[in-house]
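Reproduced below: final.txt, with compact mmCIF, N, CA and C atoms.
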```txt
# COMPACT_ATOMS: atom_id res chain seq x y z
N MET A 1 -16.57 -41.61 22.66
CA MET A 1 -17.54 -42.31 21.84
C MET A 1 -18.76 -41.40 21.67
N ILE A 2 -19.14 -41.18 20.42
CA ILE A 2 -20.33 -40.40 20.11
C ILE A 2 -21.26 -41.26 19.27
N THR A 3 -22.46 -40.74 19.02
CA THR A 3 -23.46 -41.48 18.26
C THR A 3 -23.87 -40.67 17.04
N LEU A 4 -24.01 -41.34 15.92
CA LEU A 4 -24.55 -40.72 14.71
C LEU A 4 -25.98 -41.21 14.57
N ARG A 5 -26.93 -40.28 14.33
CA ARG A 5 -28.33 -40.65 14.26
C ARG A 5 -28.95 -40.10 12.98
N GLY A 6 -29.66 -40.94 12.29
CA GLY A 6 -30.38 -40.52 11.09
C GLY A 6 -31.71 -39.88 11.45
N ALA A 7 -32.36 -39.27 10.47
CA ALA A 7 -33.64 -38.60 10.70
C ALA A 7 -34.73 -39.57 11.16
N GLY A 8 -34.63 -40.83 10.76
CA GLY A 8 -35.62 -41.83 11.15
C GLY A 8 -35.32 -42.51 12.48
N GLY A 9 -34.25 -42.11 13.16
CA GLY A 9 -33.90 -42.68 14.45
C GLY A 9 -32.83 -43.76 14.38
N GLU A 10 -32.33 -44.09 13.18
CA GLU A 10 -31.26 -45.08 13.06
C GLU A 10 -30.00 -44.55 13.73
N THR A 11 -29.27 -45.41 14.42
CA THR A 11 -28.07 -44.95 15.11
C THR A 11 -26.87 -45.83 14.75
N ALA A 12 -25.70 -45.23 14.90
CA ALA A 12 -24.43 -45.93 14.74
C ALA A 12 -23.41 -45.22 15.62
N SER A 13 -22.47 -45.96 16.16
CA SER A 13 -21.45 -45.34 17.00
C SER A 13 -20.30 -44.84 16.13
N ALA A 14 -19.59 -43.83 16.65
CA ALA A 14 -18.46 -43.24 15.94
C ALA A 14 -17.44 -42.77 16.96
N ASP A 15 -16.25 -42.53 16.48
CA ASP A 15 -15.16 -42.06 17.34
C ASP A 15 -14.79 -40.63 16.98
N ALA A 16 -14.53 -39.84 18.01
CA ALA A 16 -14.06 -38.46 17.83
C ALA A 16 -13.40 -38.02 19.12
N THR A 17 -12.45 -37.13 19.00
CA THR A 17 -11.85 -36.56 20.20
C THR A 17 -12.66 -35.33 20.61
N ILE A 18 -12.93 -35.25 21.89
CA ILE A 18 -13.66 -34.11 22.44
C ILE A 18 -12.65 -33.25 23.19
N GLU A 19 -12.60 -31.97 22.82
CA GLU A 19 -11.68 -31.06 23.49
C GLU A 19 -12.47 -30.05 24.30
N ARG A 20 -12.08 -29.90 25.55
CA ARG A 20 -12.72 -28.93 26.43
C ARG A 20 -11.78 -27.73 26.55
N TYR A 21 -12.31 -26.54 26.27
CA TYR A 21 -11.51 -25.33 26.34
C TYR A 21 -11.62 -24.72 27.74
N PRO A 22 -10.51 -24.52 28.43
CA PRO A 22 -10.56 -23.91 29.76
C PRO A 22 -11.08 -22.47 29.68
N ASP A 23 -11.72 -22.03 30.75
CA ASP A 23 -12.27 -20.67 30.78
C ASP A 23 -11.20 -19.61 30.52
N ALA A 24 -10.03 -19.78 31.12
CA ALA A 24 -8.96 -18.78 30.96
C ALA A 24 -8.54 -18.66 29.50
N ALA A 25 -8.44 -19.76 28.80
CA ALA A 25 -8.04 -19.73 27.39
C ALA A 25 -9.12 -19.05 26.54
N ARG A 26 -10.38 -19.36 26.81
CA ARG A 26 -11.47 -18.75 26.04
C ARG A 26 -11.53 -17.25 26.29
N ILE A 27 -11.39 -16.84 27.56
CA ILE A 27 -11.45 -15.41 27.90
C ILE A 27 -10.27 -14.68 27.27
N GLY A 28 -9.08 -15.28 27.33
CA GLY A 28 -7.91 -14.65 26.74
C GLY A 28 -8.05 -14.47 25.24
N LYS A 29 -8.56 -15.48 24.56
CA LYS A 29 -8.76 -15.40 23.12
C LYS A 29 -9.82 -14.35 22.78
N ALA A 30 -10.91 -14.30 23.57
CA ALA A 30 -11.97 -13.33 23.33
C ALA A 30 -11.46 -11.90 23.53
N VAL A 31 -10.67 -11.69 24.57
CA VAL A 31 -10.10 -10.35 24.82
C VAL A 31 -9.18 -9.97 23.65
N GLY A 32 -8.44 -10.95 23.11
CA GLY A 32 -7.59 -10.69 21.95
C GLY A 32 -8.40 -10.24 20.75
N PHE A 33 -9.55 -10.88 20.51
CA PHE A 33 -10.42 -10.47 19.42
C PHE A 33 -10.98 -9.07 19.65
N PHE A 34 -11.44 -8.80 20.90
CA PHE A 34 -11.97 -7.48 21.21
C PHE A 34 -10.91 -6.40 20.97
N ALA A 35 -9.74 -6.59 21.56
CA ALA A 35 -8.67 -5.60 21.47
C ALA A 35 -8.19 -5.45 20.03
N GLY A 36 -8.01 -6.58 19.34
CA GLY A 36 -7.55 -6.53 17.95
C GLY A 36 -8.51 -5.76 17.06
N GLY A 37 -9.80 -5.99 17.24
CA GLY A 37 -10.78 -5.28 16.43
C GLY A 37 -10.73 -3.78 16.65
N PHE A 38 -10.63 -3.36 17.91
CA PHE A 38 -10.58 -1.93 18.20
C PHE A 38 -9.26 -1.30 17.78
N LEU A 39 -8.15 -2.01 17.98
CA LEU A 39 -6.85 -1.47 17.57
C LEU A 39 -6.75 -1.34 16.05
N LEU A 40 -7.17 -2.37 15.33
CA LEU A 40 -7.13 -2.29 13.87
C LEU A 40 -8.11 -1.24 13.34
N GLY A 41 -9.28 -1.16 13.95
CA GLY A 41 -10.23 -0.12 13.55
C GLY A 41 -9.69 1.27 13.80
N GLY A 42 -9.01 1.45 14.94
CA GLY A 42 -8.40 2.75 15.24
C GLY A 42 -7.27 3.08 14.30
N ALA A 43 -6.49 2.10 13.93
CA ALA A 43 -5.37 2.34 13.01
C ALA A 43 -5.86 2.71 11.62
N CYS A 44 -7.04 2.25 11.26
CA CYS A 44 -7.57 2.54 9.92
C CYS A 44 -8.16 3.93 9.79
N ILE A 45 -8.20 4.68 10.88
CA ILE A 45 -8.69 6.07 10.80
C ILE A 45 -7.81 6.88 9.86
N LEU A 46 -6.54 6.54 9.79
CA LEU A 46 -5.59 7.28 8.97
C LEU A 46 -5.67 6.95 7.48
N VAL A 47 -6.35 5.89 7.10
CA VAL A 47 -6.41 5.45 5.71
C VAL A 47 -7.60 6.11 5.02
N PRO A 48 -7.34 6.96 4.03
CA PRO A 48 -8.46 7.63 3.33
C PRO A 48 -9.41 6.63 2.69
N VAL A 49 -10.66 6.93 2.65
CA VAL A 49 -11.76 6.17 2.08
C VAL A 49 -12.02 4.87 2.85
N LEU A 50 -10.97 4.10 3.11
CA LEU A 50 -11.12 2.84 3.83
C LEU A 50 -11.66 3.07 5.25
N HIS A 51 -11.33 4.22 5.83
CA HIS A 51 -11.76 4.48 7.20
C HIS A 51 -13.28 4.60 7.34
N LEU A 52 -13.98 4.83 6.22
CA LEU A 52 -15.43 4.95 6.29
C LEU A 52 -16.10 3.63 6.70
N VAL A 53 -15.45 2.50 6.40
CA VAL A 53 -16.02 1.19 6.72
C VAL A 53 -15.26 0.51 7.85
N THR A 54 -13.95 0.54 7.78
CA THR A 54 -13.14 -0.25 8.72
C THR A 54 -13.21 0.25 10.15
N THR A 55 -13.44 1.53 10.38
CA THR A 55 -13.44 2.04 11.75
C THR A 55 -14.60 1.51 12.58
N TRP A 56 -15.67 1.08 11.93
CA TRP A 56 -16.77 0.46 12.68
C TRP A 56 -16.86 -1.04 12.43
N ALA A 57 -16.45 -1.51 11.23
CA ALA A 57 -16.58 -2.93 10.89
C ALA A 57 -15.58 -3.80 11.65
N LEU A 58 -14.34 -3.35 11.79
CA LEU A 58 -13.34 -4.16 12.50
C LEU A 58 -13.65 -4.30 14.00
N PRO A 59 -14.01 -3.21 14.70
CA PRO A 59 -14.42 -3.42 16.10
C PRO A 59 -15.66 -4.31 16.23
N LEU A 60 -16.61 -4.17 15.32
CA LEU A 60 -17.80 -5.01 15.35
C LEU A 60 -17.43 -6.47 15.12
N ALA A 61 -16.54 -6.74 14.17
CA ALA A 61 -16.09 -8.11 13.92
C ALA A 61 -15.36 -8.66 15.15
N GLY A 62 -14.56 -7.82 15.81
CA GLY A 62 -13.88 -8.26 17.03
C GLY A 62 -14.85 -8.63 18.13
N ILE A 63 -15.90 -7.86 18.28
CA ILE A 63 -16.92 -8.15 19.30
C ILE A 63 -17.65 -9.45 18.96
N ILE A 64 -18.04 -9.62 17.71
CA ILE A 64 -18.77 -10.83 17.30
C ILE A 64 -17.91 -12.07 17.49
N LEU A 65 -16.65 -12.02 17.03
CA LEU A 65 -15.76 -13.17 17.19
C LEU A 65 -15.46 -13.45 18.66
N GLY A 66 -15.30 -12.40 19.45
CA GLY A 66 -15.06 -12.58 20.89
C GLY A 66 -16.24 -13.23 21.59
N MET A 67 -17.45 -12.81 21.28
CA MET A 67 -18.64 -13.39 21.90
C MET A 67 -18.80 -14.85 21.47
N ARG A 68 -18.52 -15.13 20.21
CA ARG A 68 -18.60 -16.52 19.72
C ARG A 68 -17.58 -17.40 20.44
N THR A 69 -16.39 -16.87 20.63
CA THR A 69 -15.33 -17.62 21.32
C THR A 69 -15.73 -17.92 22.77
N LEU A 70 -16.36 -16.98 23.43
CA LEU A 70 -16.78 -17.20 24.82
C LEU A 70 -17.84 -18.29 24.94
N LYS A 71 -18.67 -18.45 23.91
CA LYS A 71 -19.76 -19.43 23.97
C LYS A 71 -19.30 -20.87 23.72
N ILE A 72 -18.17 -21.05 23.03
CA ILE A 72 -17.72 -22.40 22.68
C ILE A 72 -16.84 -22.94 23.78
N ASP A 73 -17.37 -23.87 24.57
CA ASP A 73 -16.57 -24.45 25.65
C ASP A 73 -16.07 -25.85 25.33
N ARG A 74 -16.67 -26.51 24.33
CA ARG A 74 -16.21 -27.84 23.90
C ARG A 74 -16.31 -27.95 22.39
N ALA A 75 -15.44 -28.76 21.81
CA ALA A 75 -15.48 -29.01 20.37
C ALA A 75 -15.03 -30.44 20.12
N PHE A 76 -15.48 -31.02 19.03
CA PHE A 76 -15.03 -32.35 18.67
C PHE A 76 -14.18 -32.27 17.41
N GLY A 77 -13.22 -33.21 17.34
CA GLY A 77 -12.33 -33.29 16.18
C GLY A 77 -12.98 -34.08 15.07
N PRO A 78 -12.20 -34.47 14.06
CA PRO A 78 -12.76 -35.27 12.97
C PRO A 78 -13.43 -36.55 13.48
N ILE A 79 -14.55 -36.89 12.87
CA ILE A 79 -15.35 -38.03 13.30
C ILE A 79 -15.18 -39.16 12.30
N THR A 80 -14.87 -40.34 12.79
CA THR A 80 -14.81 -41.53 11.94
C THR A 80 -15.81 -42.55 12.46
N GLY A 81 -16.57 -43.10 11.57
CA GLY A 81 -17.58 -44.08 11.97
C GLY A 81 -18.31 -44.62 10.76
N THR A 82 -19.50 -45.13 11.01
CA THR A 82 -20.33 -45.70 9.95
C THR A 82 -21.62 -44.89 9.86
N CYS A 83 -22.03 -44.56 8.66
CA CYS A 83 -23.29 -43.84 8.47
C CYS A 83 -24.44 -44.74 8.91
N PRO A 84 -25.35 -44.24 9.75
CA PRO A 84 -26.47 -45.08 10.18
C PRO A 84 -27.49 -45.33 9.06
N LEU A 85 -27.43 -44.58 7.99
CA LEU A 85 -28.40 -44.73 6.90
C LEU A 85 -27.89 -45.65 5.79
N CYS A 86 -26.67 -45.39 5.28
CA CYS A 86 -26.16 -46.22 4.18
C CYS A 86 -25.17 -47.28 4.66
N GLU A 87 -24.79 -47.21 5.93
CA GLU A 87 -23.90 -48.19 6.57
C GLU A 87 -22.52 -48.27 5.92
N LYS A 88 -22.07 -47.17 5.32
CA LYS A 88 -20.72 -47.12 4.74
C LYS A 88 -19.82 -46.36 5.69
N PRO A 89 -18.51 -46.66 5.72
CA PRO A 89 -17.59 -45.92 6.57
C PRO A 89 -17.48 -44.46 6.10
N ILE A 90 -17.52 -43.54 7.06
CA ILE A 90 -17.45 -42.12 6.72
C ILE A 90 -16.49 -41.40 7.64
N LYS A 91 -16.04 -40.23 7.20
CA LYS A 91 -15.23 -39.33 8.01
C LYS A 91 -15.84 -37.95 7.86
N LEU A 92 -16.19 -37.33 8.99
CA LEU A 92 -16.82 -36.02 9.00
C LEU A 92 -15.90 -35.00 9.67
N ARG A 93 -16.07 -33.74 9.32
CA ARG A 93 -15.27 -32.69 9.95
C ARG A 93 -15.77 -32.44 11.37
N GLY A 94 -14.89 -31.91 12.19
CA GLY A 94 -15.26 -31.58 13.55
C GLY A 94 -15.87 -30.20 13.63
N GLY A 95 -16.02 -29.72 14.84
CA GLY A 95 -16.56 -28.38 15.04
C GLY A 95 -17.03 -28.19 16.46
N PRO A 96 -17.54 -27.01 16.76
CA PRO A 96 -18.03 -26.75 18.11
C PRO A 96 -19.25 -27.60 18.43
N ILE A 97 -19.38 -27.97 19.69
CA ILE A 97 -20.53 -28.75 20.13
C ILE A 97 -21.66 -27.78 20.44
N LYS A 98 -22.75 -27.92 19.70
CA LYS A 98 -23.90 -27.06 19.87
C LYS A 98 -25.10 -27.92 20.28
N ALA A 99 -26.23 -27.28 20.45
CA ALA A 99 -27.44 -28.01 20.82
C ALA A 99 -27.84 -28.97 19.70
N SER A 100 -27.61 -28.58 18.47
CA SER A 100 -27.96 -29.42 17.33
C SER A 100 -26.77 -29.47 16.38
N ASN A 101 -26.20 -30.66 16.20
CA ASN A 101 -25.03 -30.85 15.34
C ASN A 101 -25.43 -31.74 14.17
N TRP A 102 -25.66 -31.15 13.02
CA TRP A 102 -26.05 -31.91 11.82
C TRP A 102 -24.95 -31.82 10.77
N ARG A 103 -24.70 -32.91 10.09
CA ARG A 103 -23.76 -32.97 8.98
C ARG A 103 -24.41 -33.79 7.86
N VAL A 104 -23.86 -33.69 6.67
CA VAL A 104 -24.34 -34.46 5.53
C VAL A 104 -23.37 -35.61 5.30
N CYS A 105 -23.91 -36.82 5.16
CA CYS A 105 -23.09 -38.00 4.89
C CYS A 105 -22.43 -37.83 3.53
N PRO A 106 -21.10 -37.97 3.45
CA PRO A 106 -20.43 -37.82 2.16
C PRO A 106 -20.73 -38.96 1.18
N GLU A 107 -21.26 -40.06 1.68
CA GLU A 107 -21.56 -41.22 0.82
C GLU A 107 -22.97 -41.17 0.24
N CYS A 108 -23.98 -40.99 1.11
CA CYS A 108 -25.36 -41.03 0.63
C CYS A 108 -26.00 -39.65 0.50
N GLY A 109 -25.36 -38.62 1.05
CA GLY A 109 -25.87 -37.26 0.92
C GLY A 109 -27.04 -36.92 1.82
N LYS A 110 -27.34 -37.78 2.80
CA LYS A 110 -28.46 -37.52 3.70
C LYS A 110 -27.95 -36.91 5.01
N ASP A 111 -28.85 -36.21 5.71
CA ASP A 111 -28.49 -35.55 6.96
C ASP A 111 -28.38 -36.55 8.09
N ILE A 112 -27.32 -36.40 8.89
CA ILE A 112 -27.17 -37.20 10.11
C ILE A 112 -26.82 -36.27 11.25
N GLU A 113 -27.33 -36.60 12.42
CA GLU A 113 -27.09 -35.80 13.61
C GLU A 113 -25.96 -36.41 14.42
N ILE A 114 -25.10 -35.56 14.95
CA ILE A 114 -24.01 -36.01 15.82
C ILE A 114 -24.47 -35.79 17.24
N VAL A 115 -24.60 -36.89 17.99
CA VAL A 115 -25.08 -36.82 19.37
C VAL A 115 -23.87 -37.02 20.29
N VAL A 116 -23.58 -36.00 21.08
CA VAL A 116 -22.44 -36.01 22.00
C VAL A 116 -22.98 -36.22 23.41
N PRO A 117 -22.34 -37.10 24.20
CA PRO A 117 -22.81 -37.31 25.58
C PRO A 117 -22.78 -36.02 26.39
N ASP A 118 -23.72 -35.89 27.30
CA ASP A 118 -23.79 -34.72 28.19
C ASP A 118 -22.59 -34.74 29.12
N PRO A 119 -21.83 -33.63 29.21
CA PRO A 119 -20.63 -33.63 30.05
C PRO A 119 -20.92 -33.76 31.54
N SER A 120 -22.15 -33.45 31.95
CA SER A 120 -22.49 -33.56 33.37
C SER A 120 -23.09 -34.92 33.71
N GLY A 121 -23.26 -35.76 32.69
CA GLY A 121 -23.86 -37.08 32.90
C GLY A 121 -22.85 -38.09 33.43
N PRO A 122 -23.28 -39.37 33.56
CA PRO A 122 -22.42 -40.39 34.12
C PRO A 122 -21.20 -40.70 33.24
N ASP A 123 -21.31 -40.53 31.92
CA ASP A 123 -20.15 -40.80 31.06
C ASP A 123 -19.48 -39.48 30.68
N ARG A 124 -19.14 -38.72 31.71
CA ARG A 124 -18.55 -37.39 31.56
C ARG A 124 -17.24 -37.47 30.77
N LEU A 125 -17.09 -36.55 29.83
CA LEU A 125 -15.88 -36.49 29.01
C LEU A 125 -14.88 -35.54 29.66
N GLU A 126 -13.67 -35.95 29.76
CA GLU A 126 -12.62 -35.09 30.32
C GLU A 126 -11.53 -34.91 29.31
```
Before anything else, please render the file you have as C-alpha cells.
Amino acid sequence: MITLRGAGGETASADATIERYPDAARIGKAVGFFAGGFLLGGACILVPVLHLVTTWALPLAGIILGMRTLKIDRAFGPITGTCPLCEKPIKLRGGPIKASNWRVCPECGKDIEIVVPDPSGPDRLE
C-alpha cells in the first residue's frame, strides 16, 4: 500500500508491488554493464572513424549504467489508485524508488507525489 499526495497535501491510497533487488543481483548486473562497456569499446578500436567516439563513450556508458544499477535497491511496479486531486481512477507507470517520486495524473494533468513507506519502519515491505 502506497499513498498518492497532491501539492496541496491531499492524499489517496493506491496499490503497487514493491520489488527489492538483492545486493548480489545488483552487483552482478553492474559488473555486466562495466565489462560490457569496456569490451564493446575495445572491440570498436578496429572500426575506422567509429573508434573515435565509441572507444571512450561505450566504457563511459557502462560505468554510468553500472553506478545507476548499484544505487537502485527497490522499485515499484504499475500503480493503480485514485488521483487525490480529481478523484478519478488512474494507473501510473512504476520505476525506481527515489527520495522524490513525482508523476503527472493522466486525467487532470497535475503533479502527484508517490509516497512509499520507509522499509526500516514498522510497516516494512518485504
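In this structure, atom N of Leu4 (chain A) sits 11.6 Å away from CA of Glu87 (chain A).
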Quick one: everything within 6 Å of region 22-30 of chain A, counting all atoms listed in the file, minus sequence neighbours fewer than 2 positions away in the same chain. Send it as a short mmCIF file (atom, residue, chain, number, x, y, z; two decimals) with N, CA and C atoms, in the coordinates of the input.
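In the end it all went to selection_23.cif:
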```cif
data_model
loop_
_atom_site.label_atom_id
_atom_site.label_comp_id
_atom_site.auth_asym_id
_atom_site.auth_seq_id
_atom_site.Cartn_x
_atom_site.Cartn_y
_atom_site.Cartn_z
N ARG A 20 -12.08 -29.90 25.55
CA ARG A 20 -12.72 -28.93 26.43
C ARG A 20 -11.78 -27.73 26.55
N GLY A 32 -8.44 -10.95 23.11
CA GLY A 32 -7.59 -10.69 21.95
C GLY A 32 -8.40 -10.24 20.75
N PHE A 33 -9.55 -10.88 20.51
CA PHE A 33 -10.42 -10.47 19.42
C PHE A 33 -10.98 -9.07 19.65
N PHE A 34 -11.44 -8.80 20.90
CA PHE A 34 -11.97 -7.48 21.21
C PHE A 34 -10.91 -6.40 20.97
N ALA A 35 -9.74 -6.59 21.56
CA ALA A 35 -8.67 -5.60 21.47
C ALA A 35 -8.19 -5.45 20.03
N LEU A 65 -16.65 -12.02 17.03
CA LEU A 65 -15.76 -13.17 17.19
C LEU A 65 -15.46 -13.45 18.66
N GLY A 66 -15.30 -12.40 19.45
CA GLY A 66 -15.06 -12.58 20.89
C GLY A 66 -16.24 -13.23 21.59
N MET A 67 -17.45 -12.81 21.28
CA MET A 67 -18.64 -13.39 21.90
C MET A 67 -18.80 -14.85 21.47
N THR A 69 -16.39 -16.87 20.63
CA THR A 69 -15.33 -17.62 21.32
C THR A 69 -15.73 -17.92 22.77
N LEU A 70 -16.36 -16.98 23.43
CA LEU A 70 -16.78 -17.20 24.82
C LEU A 70 -17.84 -18.29 24.94
#
```
Would you kindly return, as a list in words, each protein, DNA or RNA residue with an atom no farther than 9 Å from any atom of Pro84 (chain A), considering only C-alpha atoms and excluding same-chain residues fewer than 6 positions away?
Leu4, Arg5, Gly6, Gly9, Glu10, Thr11, Ala12, Ser13 and Ile112 of chain A
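Of the residues under consideration (A:Val116, A:Ala75, A:Cys83, A:Ile90), A:Ala75 shows the shortest atom-to-atom contact distance to Tyr21 (chain A) when counting only C-alpha atoms.
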Counting all atoms listed in the file, which of A:Cys108, A:Lys98, A:Arg103, A:Leu46 gets nearest to Cys86 (chain A)?
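Going through A:Cys108, A:Lys98, A:Arg103, A:Leu46 one by one, the smallest distance to Cys86 (chain A) is for A:Cys108.
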All residues 8 Å or closer to Pro96 (chain A), all atoms listed in the file, same chain fewer than 5 positions away omitted, as number ranges by chain
A: 72-77, 101
Would you return as an MDAnalysis selection string the members of chain A that DSSP assigns to strand (DSSP E) on this structure's backbone?
chainID A and resid 2:6 11:15 18:20 74:76 79:82 89:92 95:96 102:104 111:115
For N, CA and C atoms, I'd like the residues from the last selection saved as a tab-separated table (two decimals), in the frame of the given file.
```tsv
chain	number	residue	atom	x	y	z
A	2	ILE	N	-19.14	-41.18	20.42
A	2	ILE	CA	-20.33	-40.40	20.11
A	2	ILE	C	-21.26	-41.26	19.27
A	3	THR	N	-22.46	-40.74	19.02
A	3	THR	CA	-23.46	-41.48	18.26
A	3	THR	C	-23.87	-40.67	17.04
A	4	LEU	N	-24.01	-41.34	15.92
A	4	LEU	CA	-24.55	-40.72	14.71
A	4	LEU	C	-25.98	-41.21	14.57
A	5	ARG	N	-26.93	-40.28	14.33
A	5	ARG	CA	-28.33	-40.65	14.26
A	5	ARG	C	-28.95	-40.10	12.98
A	6	GLY	N	-29.66	-40.94	12.29
A	6	GLY	CA	-30.38	-40.52	11.09
A	6	GLY	C	-31.71	-39.88	11.45
A	11	THR	N	-29.27	-45.41	14.42
A	11	THR	CA	-28.07	-44.95	15.11
A	11	THR	C	-26.87	-45.83	14.75
A	12	ALA	N	-25.70	-45.23	14.90
A	12	ALA	CA	-24.43	-45.93	14.74
A	12	ALA	C	-23.41	-45.22	15.62
A	13	SER	N	-22.47	-45.96	16.16
A	13	SER	CA	-21.45	-45.34	17.00
A	13	SER	C	-20.30	-44.84	16.13
A	14	ALA	N	-19.59	-43.83	16.65
A	14	ALA	CA	-18.46	-43.24	15.94
A	14	ALA	C	-17.44	-42.77	16.96
A	15	ASP	N	-16.25	-42.53	16.48
A	15	ASP	CA	-15.16	-42.06	17.34
A	15	ASP	C	-14.79	-40.63	16.98
A	18	ILE	N	-12.93	-35.25	21.89
A	18	ILE	CA	-13.66	-34.11	22.44
A	18	ILE	C	-12.65	-33.25	23.19
A	19	GLU	N	-12.60	-31.97	22.82
A	19	GLU	CA	-11.68	-31.06	23.49
A	19	GLU	C	-12.47	-30.05	24.30
A	20	ARG	N	-12.08	-29.90	25.55
A	20	ARG	CA	-12.72	-28.93	26.43
A	20	ARG	C	-11.78	-27.73	26.55
A	74	ARG	N	-16.67	-26.51	24.33
A	74	ARG	CA	-16.21	-27.84	23.90
A	74	ARG	C	-16.31	-27.95	22.39
A	75	ALA	N	-15.44	-28.76	21.81
A	75	ALA	CA	-15.48	-29.01	20.37
A	75	ALA	C	-15.03	-30.44	20.12
A	76	PHE	N	-15.48	-31.02	19.03
A	76	PHE	CA	-15.03	-32.35	18.67
A	76	PHE	C	-14.18	-32.27	17.41
A	79	ILE	N	-14.55	-36.89	12.87
A	79	ILE	CA	-15.35	-38.03	13.30
A	79	ILE	C	-15.18	-39.16	12.30
A	80	THR	N	-14.87	-40.34	12.79
A	80	THR	CA	-14.81	-41.53	11.94
A	80	THR	C	-15.81	-42.55	12.46
A	81	GLY	N	-16.57	-43.10	11.57
A	81	GLY	CA	-17.58	-44.08	11.97
A	81	GLY	C	-18.31	-44.62	10.76
A	82	THR	N	-19.50	-45.13	11.01
A	82	THR	CA	-20.33	-45.70	9.95
A	82	THR	C	-21.62	-44.89	9.86
A	89	PRO	N	-18.51	-46.66	5.72
A	89	PRO	CA	-17.59	-45.92	6.57
A	89	PRO	C	-17.48	-44.46	6.10
A	90	ILE	N	-17.52	-43.54	7.06
A	90	ILE	CA	-17.45	-42.12	6.72
A	90	ILE	C	-16.49	-41.40	7.64
A	91	LYS	N	-16.04	-40.23	7.20
A	91	LYS	CA	-15.23	-39.33	8.01
A	91	LYS	C	-15.84	-37.95	7.86
A	92	LEU	N	-16.19	-37.33	8.99
A	92	LEU	CA	-16.82	-36.02	9.00
A	92	LEU	C	-15.90	-35.00	9.67
A	95	GLY	N	-16.02	-29.72	14.84
A	95	GLY	CA	-16.56	-28.38	15.04
A	95	GLY	C	-17.03	-28.19	16.46
A	96	PRO	N	-17.54	-27.01	16.76
A	96	PRO	CA	-18.03	-26.75	18.11
A	96	PRO	C	-19.25	-27.60	18.43
A	102	TRP	N	-25.66	-31.15	13.02
A	102	TRP	CA	-26.05	-31.91	11.82
A	102	TRP	C	-24.95	-31.82	10.77
A	103	ARG	N	-24.70	-32.91	10.09
A	103	ARG	CA	-23.76	-32.97	8.98
A	103	ARG	C	-24.41	-33.79	7.86
A	104	VAL	N	-23.86	-33.69	6.67
A	104	VAL	CA	-24.34	-34.46	5.53
A	104	VAL	C	-23.37	-35.61	5.30
A	111	ASP	N	-28.85	-36.21	5.71
A	111	ASP	CA	-28.49	-35.55	6.96
A	111	ASP	C	-28.38	-36.55	8.09
A	112	ILE	N	-27.32	-36.40	8.89
A	112	ILE	CA	-27.17	-37.20	10.11
A	112	ILE	C	-26.82	-36.27	11.25
A	113	GLU	N	-27.33	-36.60	12.42
A	113	GLU	CA	-27.09	-35.80	13.61
A	113	GLU	C	-25.96	-36.41	14.42
A	114	ILE	N	-25.10	-35.56	14.95
A	114	ILE	CA	-24.01	-36.01	15.82
A	114	ILE	C	-24.47	-35.79	17.24
A	115	VAL	N	-24.60	-36.89	17.99
A	115	VAL	CA	-25.08	-36.82	19.37
A	115	VAL	C	-23.87	-37.02	20.29
```
Separation of atom C of Thr17 (chain A) from CA of Ala61 (chain A), in Å and rounded to one decimal:
28.2 Å
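Between atom C of Glu107 (chain A) and CA of Leu92 (chain A) the separation is 11.9 Å.
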Just list as a PyMOL selection string whatever in chain A DSSP marks as alpha helix (DSSP H).
chain A and resi 23-43+51-71
Which residue out of A:Ala16, A:Leu85, A:Gly41, A:Arg93 has the minimum interatomic distance to Ile63 (chain A) when only C-alpha atoms are used?
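Among A:Ala16, A:Leu85, A:Gly41, A:Arg93, it is A:Gly41 that comes nearest to Ile63 (chain A).
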With distances taken over only C-alpha atoms, which of A:Cys105, A:Ala14, A:Ile79, A:Gly62 is nearest to Met1 (chain A)?
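Using only C-alpha atoms, the shortest distance to Met1 (chain A) belongs to A:Ala14.
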As JSON, what would the box around region 87-100 of chain A look like: edges along x, y and z, 3 Å added on every side, centre and edge lengths in Å to one decimal?
```
{"center_x": -21.4, "center_y": -37.5, "center_z": 12.8, "size_x": 19.1, "size_y": 27.5, "size_z": 22.1}
```
Write out as a PyMOL selection string which residues come within 7 Å of Thr55 (chain A) when counting only N, CA and C atoms, dropping same-chain ones fewer than 6 positions away.
chain A and resi 40-42+44-45
